[in-house]
Amino acid sequence: GSHTVPFVTRQKSSQIQRILKLNQSTSETTVSWTSRITLLSRNGRLAEAAKEFSSMRLAGVEPNHITFIALLSGCGDVSSGSEALGDLLHGYACKLGLDRTHVMVGTAILGMYSKRGRFGKARLVFDFMEDKNSVTWNTMIDGYMRSGQVNNAVKLFDEMPERDLISWTAMINGFVKKGFHEEALAWFREMQISGVKPDYVAIIAALAACTHLGALSFGLWVHRYVMNQDFKNNIRVSNSLIDLYCRCGCVEFAREVFDKMEKRTVVSWNSVIVGFAANGNAHESLVYFRKMQEEGFKPDAVTFTGALTACSHVGLVEEGLRYFQTMKRDHRISPRIEHYGCLVDLYSRAGRLEDALNVVQSMPMKPNEVVIGSLLAACRNHGNNTVLAERLVKHLSDLNVKSHSNYVILSNMYAADGIWEGASKMRRKMKGLGLKKQPGFSSVEIDDCTHVFMAGDSAHVETAYIREVLELISSDLRLQGCVFETLAGDLFND
């Protein structure tokens, strides 16, 4: 029950105290001091570990490399507020020469600086180390990728004497997290060409890149590869595959992966519930929502987002409202902005615009541009209701929204009604806020490569060839049109 966690915490704390007393009762050697320091540091009690370290030095006992590593690991935690302690430990390690001559201590120091975003100092430590192992190189590369210093990471990667799985995975993961999904897949291919076999972490990163690009064929190849590996039943890999197939509209593939899973988590259920809802399979989404609870899984905030979305897509207003109340009352989940957004969409799609506006006005938080946009789009779709739309514009100003789409919707609504002054006013408003209409784009996947195009775009390397083919197609269509007109004329004249 509710007393379980405190009991475990007290039990763990008493175990730590017993070990500390046991060590204190033995001879005060470097090993016993380090044992206590390590124990405290690993349990998040860095301040006590630092105090123990001070007592150790006052007692005239010299620390060893394990002592430094234990403390430096704790200092890497940004929330610990231990930046000054980390600097002092680095200075002391320099005095003993451990920062240069002991690879584990040097790596721990640069890892500490890297986690705290101090990459200049991390690189200095790296450069001055006399001996480096693969962990040293990977730690520096991972730090660069996490901070977005991609060029530095690539340069360091190329300088590595020997690249291992962790090196490649750090690069691929880094590209995915920074939104460079095409690069991530290119590096994934290069990793395989180099003879390094990916593990489940690299596979998940590659699937994430496929999901964002909509690269279904490459995702299918990765799935086939997974089926021959030891981690084919890895829950996180299966969840990633479900997400990929749902994002690409292949809900039957997603269902097949889900049904074959030996074990499932809440994330697994959420993936199919949200994925099916997003693809218009609302009734099936709600079936999985109920089945999830029947099998003993407790829905979370994401689960209810999926259920509410499903209700919205098929117009189940009352059922959606019941789910919203159940989430608050029975599951004690505080509604987030996405849940209120689902409510607004639920009412908007049903044409109940005043109810939707009441939700926007009564929300405990400020509505974001997505919520406002949902209602604005409904105003346009249900009778071009510019009066209600104008009331929403006030929220846009209050929110200091930096998105163009909602202003464009309202401008087009004015134009559709012939209210040119209103349309012009919205355009001037956008200009005053420094907003520009972002061009839409389309993409096509050919031979595992995704090609992106925008209107009037000439940046593609094969633009000239593409235009020639389009001109040929256009000529053929015009010729076929002429032939059709001639044949039709002969037919009807006869």
# chains A, B, ... in the order shown; residues from 1 in each chain; ligands from 1
>>> closest_atom_pairs(of="range 46-133 of chain A", to="range 139-155 of chain A", cutoff="8 Å", atoms="only C-alpha atoms", output="JSON lines")
{"residue": "A:Thr107", "atom": "CA", "partner": "A:Thr139", "partner_atom": "CA", "distance": 7.4}
{"residue": "A:Leu110", "atom": "CA", "partner": "A:Met140", "partner_atom": "CA", "distance": 7.3}
{"residue": "A:Gly111", "atom": "CA", "partner": "A:Thr139", "partner_atom": "CA", "distance": 6.2}
{"residue": "A:Ser114", "atom": "CA", "partner": "A:Gly143", "partner_atom": "CA", "distance": 5.3}
{"residue": "A:Lys115", "atom": "CA", "partner": "A:Gly143", "partner_atom": "CA", "distance": 7.0}
{"residue": "A:Gly117", "atom": "CA", "partner": "A:Ser147", "partner_atom": "CA", "distance": 7.3}
{"residue": "A:Phe119", "atom": "CA", "partner": "A:Gly143", "partner_atom": "CA", "distance": 7.4}
{"residue": "A:Ala122", "atom": "CA", "partner": "A:Met140", "partner_atom": "CA", "distance": 7.5}
{"residue": "A:Arg123", "atom": "CA", "partner": "A:Met140", "partner_atom": "CA", "distance": 7.4}
{"residue": "A:Phe126", "atom": "CA", "partner": "A:Met140", "partner_atom": "CA", "distance": 7.6}
>>> residues_around(residues="range 85-91 of chain A", least_positions_apart="5", cutoff="10 Å", atoms="only C-alpha atoms", output="number ranges by chain")
A: 46-47, 50, 68-69, 71-76, 96-99, 105-106, 108-110, 112-113, 125
>>> closest_residue(among="A:Ser167, A:Tyr323, A:Val201, A:Ser55", to="Trp187 in chain A", atoms="only C-alpha atoms")
A:Ser167
>>> closest_residue(among="A:Arg116, A:Met160, A:Arg349, A:Lys95", to="Trp137 in chain A", atoms="only C-alpha atoms")
A:Met160
>>> atom_distance(atom1="CA of Cys311 in chain A", atom2="CA of Ala282 in chain A")
6.8 Å
>>> closest_residue(among="A:His212, A:Arg189, A:Arg467, A:Arg336", to="Lys177 in chain A", atoms="only C-alpha atoms")
A:His212
>>> closest_residue(among="A:Thr265, A:Thr309, A:Thr211, A:Glu162", to="Gly280 in chain A", atoms="only C-alpha atoms")
A:Thr309
>>> closest_residue(among="A:Met104, A:Val257, A:Met56, A:Val302", to="Ile37 in chain A", atoms="only C-alpha atoms")
A:Met56
>>> residues_around(residues="Gln325 in chain A", least_positions_apart="2", cutoff="12 Å", atoms="only C-alpha atoms", output="PyMOL selection string")
chain A and resi 304+308+318-323+327-335+339-340+343
>>> write_last_selection(atoms="N, CA, C and O atoms", output="mmCIF file, in the first residue's frame")
data_model
loop_
_atom_site.group_PDB
_atom_site.id
_atom_site.type_symbol
_atom_site.label_atom_id
_atom_site.label_comp_id
_atom_site.auth_asym_id
_atom_site.auth_seq_id
_atom_site.Cartn_x
_atom_site.Cartn_y
_atom_site.Cartn_z
ATOM 1 N N PHE A 304 -5.476 8.240 -21.987
ATOM 2 C CA PHE A 304 -6.721 9.012 -22.089
ATOM 3 C C PHE A 304 -6.682 9.990 -23.254
ATOM 4 O O PHE A 304 -7.724 10.287 -23.848
ATOM 5 N N LEU A 308 -9.702 9.954 -25.890
ATOM 6 C CA LEU A 308 -10.433 11.196 -26.207
ATOM 7 C C LEU A 308 -10.324 11.528 -27.687
ATOM 8 O O LEU A 308 -11.287 11.997 -28.306
ATOM 9 N N GLU A 318 -20.586 12.504 -25.797
ATOM 10 C CA GLU A 318 -20.935 12.156 -24.419
ATOM 11 C C GLU A 318 -19.975 11.117 -23.838
ATOM 12 O O GLU A 318 -19.581 11.194 -22.671
ATOM 13 N N GLU A 319 -19.585 10.138 -24.664
ATOM 14 C CA GLU A 319 -18.643 9.122 -24.187
ATOM 15 C C GLU A 319 -17.287 9.761 -23.885
ATOM 16 O O GLU A 319 -16.633 9.437 -22.898
ATOM 17 N N GLY A 320 -16.875 10.698 -24.730
ATOM 18 C CA GLY A 320 -15.617 11.402 -24.506
ATOM 19 C C GLY A 320 -15.640 12.197 -23.223
ATOM 20 O O GLY A 320 -14.658 12.206 -22.463
ATOM 21 N N LEU A 321 -16.763 12.850 -22.959
ATOM 22 C CA LEU A 321 -16.898 13.612 -21.711
ATOM 23 C C LEU A 321 -16.842 12.690 -20.491
ATOM 24 O O LEU A 321 -16.268 13.049 -19.462
ATOM 25 N N ARG A 322 -17.415 11.485 -20.621
ATOM 26 C CA ARG A 322 -17.361 10.516 -19.516
ATOM 27 C C ARG A 322 -15.925 10.090 -19.255
ATOM 28 O O ARG A 322 -15.500 9.966 -18.107
ATOM 29 N N TYR A 323 -15.171 9.845 -20.325
ATOM 30 C CA TYR A 323 -13.760 9.466 -20.167
ATOM 31 C C TYR A 323 -12.981 10.582 -19.465
ATOM 32 O O TYR A 323 -12.126 10.325 -18.610
ATOM 33 N N MET A 327 -11.145 10.050 -15.930
ATOM 34 C CA MET A 327 -9.716 10.304 -15.776
ATOM 35 C C MET A 327 -9.452 11.133 -14.515
ATOM 36 O O MET A 327 -8.537 10.819 -13.737
ATOM 37 N N LYS A 328 -10.250 12.164 -14.301
ATOM 38 C CA LYS A 328 -10.062 13.036 -13.133
ATOM 39 C C LYS A 328 -10.522 12.369 -11.846
ATOM 40 O O LYS A 328 -9.809 12.389 -10.837
ATOM 41 N N ARG A 329 -11.725 11.780 -11.888
ATOM 42 C CA ARG A 329 -12.352 11.285 -10.658
ATOM 43 C C ARG A 329 -11.791 9.939 -10.208
ATOM 44 O O ARG A 329 -11.396 9.776 -9.055
ATOM 45 N N ASP A 330 -11.743 8.979 -11.119
ATOM 46 C CA ASP A 330 -11.372 7.611 -10.741
ATOM 47 C C ASP A 330 -9.871 7.355 -10.767
ATOM 48 O O ASP A 330 -9.356 6.578 -9.967
ATOM 49 N N HIS A 331 -9.168 7.982 -11.710
ATOM 50 C CA HIS A 331 -7.739 7.715 -11.864
ATOM 51 C C HIS A 331 -6.851 8.829 -11.290
ATOM 52 O O HIS A 331 -5.626 8.713 -11.332
ATOM 53 N N ARG A 332 -7.480 9.880 -10.790
ATOM 54 C CA ARG A 332 -6.740 10.975 -10.135
ATOM 55 C C ARG A 332 -5.659 11.567 -11.045
ATOM 56 O O ARG A 332 -4.571 11.914 -10.592
ATOM 57 N N ILE A 333 -5.978 11.665 -12.331
ATOM 58 C CA ILE A 333 -5.036 12.252 -13.286
ATOM 59 C C ILE A 333 -5.459 13.693 -13.559
ATOM 60 O O ILE A 333 -6.584 13.937 -14.009
ATOM 61 N N SER A 334 -4.594 14.630 -13.272
ATOM 62 C CA SER A 334 -4.896 16.036 -13.534
ATOM 63 C C SER A 334 -4.828 16.290 -15.031
ATOM 64 O O SER A 334 -3.794 16.014 -15.656
ATOM 65 N N PRO A 335 -5.903 16.804 -15.622
ATOM 66 C CA PRO A 335 -5.898 17.039 -17.081
ATOM 67 C C PRO A 335 -4.803 18.008 -17.495
ATOM 68 O O PRO A 335 -4.596 19.034 -16.850
ATOM 69 N N HIS A 339 -5.326 17.267 -23.033
ATOM 70 C CA HIS A 339 -6.660 16.722 -22.757
ATOM 71 C C HIS A 339 -7.733 17.779 -23.010
ATOM 72 O O HIS A 339 -8.792 17.471 -23.580
ATOM 73 N N TYR A 340 -7.462 19.015 -22.593
ATOM 74 C CA TYR A 340 -8.407 20.099 -22.885
ATOM 75 C C TYR A 340 -8.474 20.331 -24.393
ATOM 76 O O TYR A 340 -9.548 20.647 -24.942
ATOM 77 N N LEU A 343 -10.854 17.912 -25.767
ATOM 78 C CA LEU A 343 -12.234 18.329 -25.493
ATOM 79 C C LEU A 343 -12.690 19.383 -26.486
ATOM 80 O O LEU A 343 -13.809 19.335 -27.004
#
>>> closest_residue(among="A:Ala209, A:Ile166, A:Leu479, A:Val274", to="Glu182 in chain A", atoms="only C-alpha atoms")
A:Ala209
>>> atom_distance(atom1="CA of His451 in chain A", atom2="CA of Leu470 in chain A")
16.1 Å
>>> residues_around(residues="range 289-293 of chain A", least_positions_apart="3", cutoff="10 Å", atoms="only C-alpha atoms", output="PyMOL selection string")
chain A and resi 265-266+268-270+272-274+283-286+296-299+303-304+306-307
